[in-house]
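Scroll down for the structure; my scribbles are underneath it.
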There are 2 protein chains.
Amino acid sequence: MSRVYNFSAGPAALPLPVLERIRADIPDWNRTGMTVMEVSHRGKAFIETAEKAEQDVRDLLAIPDDYSVLFIQGGATMHFSMVPLNLATAGRTVDYLQTGSWSKKAIAEARRYCEVKIVADSADRKFTYIPPQSDWQLSRNAAYVHYTPNETIDGVEFHYIPQTDDVPLVADMSSTILSRPVDVSRFGIIYAGAQKNIGPAGITLVIIRKALLEPARSDIPSLLTYKIYAESESMTNTPPTFAWYVAGLVFEYLKAQGGLEAAGQRNQKKASKLYTAIDASKFYSNPVQHDCRSRMNVPFVLADPALDSKFLAGAEQAGLTNLKGHRSVGGMRASIYNATTEDAVDALIQYMREFERRNG
Amino acid sequence: MSRVYNFSAGPAALPLPVLERIRADIPDWNRTGMTVMEVSHRGKAFIETAEKAEQDVRDLLAIPDDYSVLFIQGGATMHFSMVPLNLATAGRTVDYLQTGSWSKKAIAEARRYCEVKIVADSADRKFTYIPPQSDWQLSRNAAYVHYTPNETIDGVEFHYIPQTDDVPLVADMSSTILSRPVDVSRFGIIYAGAQKNIGPAGITLVIIRKALLEPARSDIPSLLTYKIYAESESMTNTPPTFAWYVAGLVFEYLKAQGGLEAAGQRNQKKASKLYTAIDASKFYSNPVQHDCRSRMNVPFVLADPALDSKFLAGAEQAGLTNLKGHRSVGGMRASIYNATTEDAVDALIQYMREFERRNG
């Protein structure tokens with residue numbers, strides 16, 4: 001089979017040129033006579049690869065010098081624990097915005113260590129909107145404010161960066177990182193699991209203001225301490241070298257494609273086309289308030305849910321895969337991260353129109 | 001360049017047929033039209049791969065049904081924290097054997113949570129032997145006994161399983177797992193970072209007696225709780241899917257090669273050849289007591305350390321890579337895990353003889 005149009009929410013599609021490069025590097029990477037999986041993380045060849053990856057992501061995101069860039073195992077979920085453990089003393093107040101399934105999970109874990117105050121909550125309307133900042137009840141003394149800029153399951157996205165004054169802002173940016181430029185200086189910590197816009201699952205990018213590296217508690221495991229990774233350049237123990245290398249290839253590719261301004265324009269165009277097609281139809285609908293629709297994950301439902309399985313089977317046959325919505329919300333979801341091309345979106349829209357014509 | 005003979009201590013060589021399979025699976029894995037990196041861990045294709053990997057490693061190691069098999073991120077080092085946090089209440093006595101650099105690190109981390117009793121220690125002779133079990137001072141009431149069956153840096157290996165009666169035995173088996181048969185039923189927990197005999201760095205195999213799954217403490221992070229992985233079949237959050245897939249390919253390959261009996265014979269032969277060559281020479285020597293020499297990591301020194309860099313440069317030219325000893329002990333080290341062939345060992349011995357003839 002040739003390549004399909006892959007709308008997976010994650011692990012998600014990777015750029016084809018990156019995959020071709022991975023393939024070409026097996027079994028002899030950079031004339032070492034080994035693959036990148038088979039060399040020491042402390043050897044010159046890998047260190048150069050690791051450092052170039054860091055520099056490229058610093059360039060892409062214009063990361064200021066007073067931020068450390070870390071590569072950590074465990075996924076974004078590990079930071080649901082690490083953020084409260086590193087930034088807050090036991091029982092201290094921390095502010096969380098609850099705007100979807102992932103922020104809800106982050107809150108559940110933070111509650112195990114801190115006094116969590118939910119300062120904004122859109123559960124009342126099934127996470128289909130984001131409460132306006134003017135309505136938030138930020139604490140005066142919170143150790144940090146945590147939010148999820150994009151909710152992959154619910155398809156809601158912040159189109160602005162919250163204003164938290166002197167309180168560090170922490171973001172789970174797993175599903176929007178590298179999708180457009182972002183002002184890193186507004187954040188205390190940005191963390192992002194790789195498997196949407198960065199690379200294979202198994203590595204997490206962390207961007208942390210150096211002033212926040214000192215852990216608030218002394219009783220946390222070494223490998224859950226940001227400072228320890230910063231001091232060892234993320235080589236506290238053997239890092240996930242292959243995933244780091246692929247992340248580097250993706251960074252390099254993104255730079256060659258014009259960086260994040262260009263990526264942002266491509267993503268805006270893809271999302272706009274798809275939402276326009278949905279809104280123009282009475283057969284499909286998206287439940288999210290227009291001003292906070294996600295540019296990365298587009299959930300939609302068919303007017304007649306009895307047609308769902310027929311829609312999905314036909315899509316598979318047309319080479320459009322992984323369109324089934326998350327089991328917790330049902331319906332469909334098209335994830336259109338960086339590596340999902342405009343061609344893929346066009347093919348999806350064409351299939352949707354054809355399906356509507358035959359079944360509408 | 002063609003493939004070299006790779007003696008890396010880890011991340012280490014992988015079997016060439018496995019690498020060729022990885023290459024063939026890019027960019028279209030199992031006729032999905034995607035690579036294994038780009039599919040959901042909850043989709044049918046990946047679940048089948050994950051389950052087959054577990055079954056194959058169960059077959060290889062004859063893992064009893066009352067053990068869970070887990071695949072966890074973070075490396076073996078994460079278990080330096082997880083073992084004490086899951087098996088012992090705060091401050092409880094735990095027994096550790098200190099027989100090399102890695103057991104020493106495990107002890108340092110365990111001390112942050114427990115009262116560590118070092119029941120045997122070979123630091124007095126620079127970790128070149130293992131104190132006989134008759135001399136160990138096991139505690140009566142330890143939560144567990146921890147040891148490191150093979151020390152990669154020091155080249156010492158236990159050639160028997162310690163007897164701990166009713167106290168659970170915990171082993172960091174990173175560098176010997178799958179190198180020969182082992183009686184799993186003797187252990188409470190076996191953990192092993194992948195990057196020596198299993199697959200790429202970034203995944204850790206854990207074999208845990210089900211009776212030990214209930215955590216001893218309630219204040220540990222979710223992703224550091226064995227029970228949570230067991231309940232979710234290691235899909236608590238997105239697992240490192242590519243590393244898991246490669247591990248599965250390695251398990252499948254090992255089974256096809258005759259399983260662990262055959263692997264053990266191959267490894268015994270390789271180690272025996274290399275130690276025989278070293279012992280037959282006055283130019284090279286290995287400092288480890290004969291009855292506890294490692295079959296996986298063979299450190300050796302040249303009679304004249306001034307020749308070290310010449311030895312290493314000549315080896316590189318001869319296509320023999322990563323022979324430099326660990327920075328903490330110096331000299332040379334040949335790591336000869338499963339994927340390092342007898343041909344590689346023969347080539348190394350030939351080079352050593354030739355170098356001795358010219359420089360001895």
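Ordering of the structure tokens sets the chain letters (A, B, ...), residue numbers begin anew at 1 in every chain, and ligands are numbered from 1 in the order given.
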
Item to check | Leu205 in chain A surroundings by only C-alpha atoms, 10 Å radius, close-in-sequence under 6 positions cut, as an MDAnalysis selection string | outcome: chainID A and resid 54 57 69:73 75:76 173:174 177 190:194 198 244 247

Next on the checklist: Based on the backbone DSSP call, show me all residues of range 180-264 of chain A assigned strand (DSSP E), as a VMD selection string.
Outcome noted: chain A and resid 189 to 193 204 to 209

Item to check | Contact set, chain B to chain A: 8 Å, only C-alpha atoms, as a PyMOL selection string | outcome: chain B and resi 1-4+6+8-14+16+19-20+23+26-28+31-34+37-41+73-75+77-78+81+109+112+200-202+219+221-223+237-242

All residues 12 Å or closer to Pro132 in chain A, only C-alpha atoms, same chain fewer than 6 positions away omitted, as a PDB file with all heavy atoms, in the first residue's frame:
ATOM      1  N   LEU A  97      -6.684  25.875  34.936  1.00  0.00           N
ATOM      2  CA  LEU A  97      -7.838  26.103  34.062  1.00  0.00           C
ATOM      3  C   LEU A  97      -8.306  24.747  33.559  1.00  0.00           C
ATOM      4  O   LEU A  97      -7.503  23.959  33.041  1.00  0.00           O
ATOM      5  CB  LEU A  97      -7.433  26.972  32.861  1.00  0.00           C
ATOM      6  CG  LEU A  97      -7.402  28.479  33.119  1.00  0.00           C
ATOM      7  CD1 LEU A  97      -6.271  28.849  34.062  1.00  0.00           C
ATOM      8  CD2 LEU A  97      -7.249  29.236  31.801  1.00  0.00           C
ATOM      9  N   THR A  99     -10.355  23.120  30.874  1.00  0.00           N
ATOM     10  CA  THR A  99     -11.008  23.412  29.591  1.00  0.00           C
ATOM     11  C   THR A  99     -11.117  22.190  28.691  1.00  0.00           C
ATOM     12  O   THR A  99     -11.358  22.328  27.489  1.00  0.00           O
ATOM     13  CB  THR A  99     -10.224  24.512  28.843  1.00  0.00           C
ATOM     14  OG1 THR A  99      -8.860  24.056  28.688  1.00  0.00           O
ATOM     15  CG2 THR A  99     -10.235  25.826  29.595  1.00  0.00           C
ATOM     16  N   VAL A 119      -9.641  27.825  38.390  1.00  0.00           N
ATOM     17  CA  VAL A 119      -9.949  29.251  38.235  1.00  0.00           C
ATOM     18  C   VAL A 119     -10.857  29.531  37.053  1.00  0.00           C
ATOM     19  O   VAL A 119     -11.393  30.631  36.909  1.00  0.00           O
ATOM     20  CB  VAL A 119      -8.651  30.095  38.131  1.00  0.00           C
ATOM     21  CG1 VAL A 119      -7.871  29.995  39.428  1.00  0.00           C
ATOM     22  CG2 VAL A 119      -7.794  29.643  36.959  1.00  0.00           C
ATOM     23  N   ALA A 120     -11.009  28.553  36.181  1.00  0.00           N
ATOM     24  CA  ALA A 120     -11.953  28.668  35.063  1.00  0.00           C
ATOM     25  C   ALA A 120     -12.315  27.254  34.659  1.00  0.00           C
ATOM     26  O   ALA A 120     -11.474  26.361  34.710  1.00  0.00           O
ATOM     27  CB  ALA A 120     -11.319  29.411  33.890  1.00  0.00           C
ATOM     28  N   ASP A 121     -13.565  27.064  34.269  1.00  0.00           N
ATOM     29  CA  ASP A 121     -14.043  25.702  34.027  1.00  0.00           C
ATOM     30  C   ASP A 121     -15.128  25.731  32.950  1.00  0.00           C
ATOM     31  O   ASP A 121     -16.105  26.467  33.077  1.00  0.00           O
ATOM     32  CB  ASP A 121     -14.612  25.142  35.349  1.00  0.00           C
ATOM     33  CG  ASP A 121     -14.952  23.664  35.254  1.00  0.00           C
ATOM     34  OD1 ASP A 121     -14.831  23.079  34.154  1.00  0.00           O
ATOM     35  OD2 ASP A 121     -15.337  23.084  36.286  1.00  0.00           O
ATOM     36  N   SER A 122     -14.934  24.933  31.921  1.00  0.00           N
ATOM     37  CA  SER A 122     -15.958  24.903  30.868  1.00  0.00           C
ATOM     38  C   SER A 122     -16.662  23.551  30.801  1.00  0.00           C
ATOM     39  O   SER A 122     -17.273  23.211  29.780  1.00  0.00           O
ATOM     40  CB  SER A 122     -15.340  25.255  29.512  1.00  0.00           C
ATOM     41  OG  SER A 122     -14.278  24.363  29.209  1.00  0.00           O
ATOM     42  N   PHE A 158      -6.902  27.907  22.908  1.00  0.00           N
ATOM     43  CA  PHE A 158      -6.712  29.316  23.267  1.00  0.00           C
ATOM     44  C   PHE A 158      -6.058  30.026  22.083  1.00  0.00           C
ATOM     45  O   PHE A 158      -5.023  29.571  21.593  1.00  0.00           O
ATOM     46  CB  PHE A 158      -5.776  29.445  24.470  1.00  0.00           C
ATOM     47  CG  PHE A 158      -6.394  29.073  25.789  1.00  0.00           C
ATOM     48  CD1 PHE A 158      -6.576  27.750  26.140  1.00  0.00           C
ATOM     49  CD2 PHE A 158      -6.762  30.063  26.685  1.00  0.00           C
ATOM     50  CE1 PHE A 158      -7.132  27.408  27.365  1.00  0.00           C
ATOM     51  CE2 PHE A 158      -7.332  29.724  27.917  1.00  0.00           C
ATOM     52  CZ  PHE A 158      -7.516  28.401  28.258  1.00  0.00           C
ATOM     53  N   HIS A 159      -6.607  31.161  21.709  1.00  0.00           N
ATOM     54  CA  HIS A 159      -5.971  31.920  20.631  1.00  0.00           C
ATOM     55  C   HIS A 159      -5.232  33.132  21.191  1.00  0.00           C
ATOM     56  O   HIS A 159      -4.971  34.100  20.485  1.00  0.00           O
ATOM     57  CB  HIS A 159      -6.991  32.286  19.562  1.00  0.00           C
ATOM     58  CG  HIS A 159      -7.483  31.078  18.830  1.00  0.00           C
ATOM     59  ND1 HIS A 159      -6.657  30.326  18.028  1.00  0.00           N
ATOM     60  CD2 HIS A 159      -8.686  30.441  18.818  1.00  0.00           C
ATOM     61  CE1 HIS A 159      -7.342  29.300  17.530  1.00  0.00           C
ATOM     62  NE2 HIS A 159      -8.557  29.331  18.011  1.00  0.00           N
ATOM     63  N   TYR A 160      -4.936  33.065  22.478  1.00  0.00           N
ATOM     64  CA  TYR A 160      -4.143  34.110  23.134  1.00  0.00           C
ATOM     65  C   TYR A 160      -3.411  33.451  24.297  1.00  0.00           C
ATOM     66  O   TYR A 160      -3.749  32.324  24.693  1.00  0.00           O
ATOM     67  CB  TYR A 160      -5.049  35.241  23.644  1.00  0.00           C
ATOM     68  CG  TYR A 160      -6.066  34.781  24.656  1.00  0.00           C
ATOM     69  CD1 TYR A 160      -5.789  34.811  26.031  1.00  0.00           C
ATOM     70  CD2 TYR A 160      -7.300  34.257  24.249  1.00  0.00           C
ATOM     71  CE1 TYR A 160      -6.717  34.354  26.958  1.00  0.00           C
ATOM     72  CE2 TYR A 160      -8.224  33.795  25.168  1.00  0.00           C
ATOM     73  CZ  TYR A 160      -7.935  33.858  26.524  1.00  0.00           C
ATOM     74  OH  TYR A 160      -8.840  33.394  27.448  1.00  0.00           O
ATOM     75  N   ILE A 161      -2.400  34.141  24.829  1.00  0.00           N
ATOM     76  CA  ILE A 161      -1.684  33.625  25.998  1.00  0.00           C
ATOM     77  C   ILE A 161      -2.267  34.287  27.245  1.00  0.00           C
ATOM     78  O   ILE A 161      -2.344  35.516  27.312  1.00  0.00           O
ATOM     79  CB  ILE A 161      -0.175  33.934  25.892  1.00  0.00           C
ATOM     80  CG1 ILE A 161       0.423  33.251  24.652  1.00  0.00           C
ATOM     81  CG2 ILE A 161       0.557  33.468  27.150  1.00  0.00           C
ATOM     82  CD1 ILE A 161       1.873  33.643  24.381  1.00  0.00           C
ATOM     83  N   PRO A 162      -2.678  33.489  28.231  1.00  0.00           N
ATOM     84  CA  PRO A 162      -3.248  34.085  29.445  1.00  0.00           C
ATOM     85  C   PRO A 162      -2.275  35.066  30.111  1.00  0.00           C
ATOM     86  O   PRO A 162      -1.062  34.890  30.061  1.00  0.00           O
ATOM     87  CB  PRO A 162      -3.492  32.871  30.342  1.00  0.00           C
ATOM     88  CG  PRO A 162      -3.666  31.730  29.402  1.00  0.00           C
ATOM     89  CD  PRO A 162      -2.732  32.023  28.264  1.00  0.00           C
ATOM     90  N   GLN A 163      -2.854  36.053  30.751  1.00  0.00           N
ATOM     91  CA  GLN A 163      -2.078  37.064  31.473  1.00  0.00           C
ATOM     92  C   GLN A 163      -2.077  36.675  32.954  1.00  0.00           C
ATOM     93  O   GLN A 163      -3.137  36.610  33.573  1.00  0.00           O
ATOM     94  CB  GLN A 163      -2.754  38.430  31.284  1.00  0.00           C
ATOM     95  CG  GLN A 163      -2.037  39.565  31.948  1.00  0.00           C
ATOM     96  CD  GLN A 163      -0.578  39.665  31.535  1.00  0.00           C
ATOM     97  OE1 GLN A 163       0.313  39.288  32.307  1.00  0.00           O
ATOM     98  NE2 GLN A 163      -0.318  40.133  30.324  1.00  0.00           N
ATOM     99  N   ASP A 291     -14.731  31.140  18.285  1.00  0.00           N
ATOM    100  CA  ASP A 291     -13.496  31.865  18.617  1.00  0.00           C
ATOM    101  C   ASP A 291     -12.497  31.031  19.419  1.00  0.00           C
ATOM    102  O   ASP A 291     -11.440  31.528  19.788  1.00  0.00           O
ATOM    103  CB  ASP A 291     -13.809  33.172  19.348  1.00  0.00           C
ATOM    104  CG  ASP A 291     -14.454  32.933  20.697  1.00  0.00           C
ATOM    105  OD1 ASP A 291     -14.729  31.740  21.031  1.00  0.00           O
ATOM    106  OD2 ASP A 291     -14.702  33.901  21.425  1.00  0.00           O
ATOM    107  N   CYS A 292     -12.827  29.776  19.704  1.00  0.00           N
ATOM    108  CA  CYS A 292     -11.835  28.935  20.380  1.00  0.00           C
ATOM    109  C   CYS A 292     -11.761  27.548  19.745  1.00  0.00           C
ATOM    110  O   CYS A 292     -11.496  26.556  20.406  1.00  0.00           O
ATOM    111  CB  CYS A 292     -12.087  28.866  21.883  1.00  0.00           C
ATOM    112  SG  CYS A 292     -13.769  28.613  22.352  1.00  0.00           S
TER     113      CYS A 292
END

Item to check | DSSP alpha helix (DSSP H) selection over range 205-307 of chain A, as number ranges by chain | outcome: A: 226-231, 241-256, 259-279
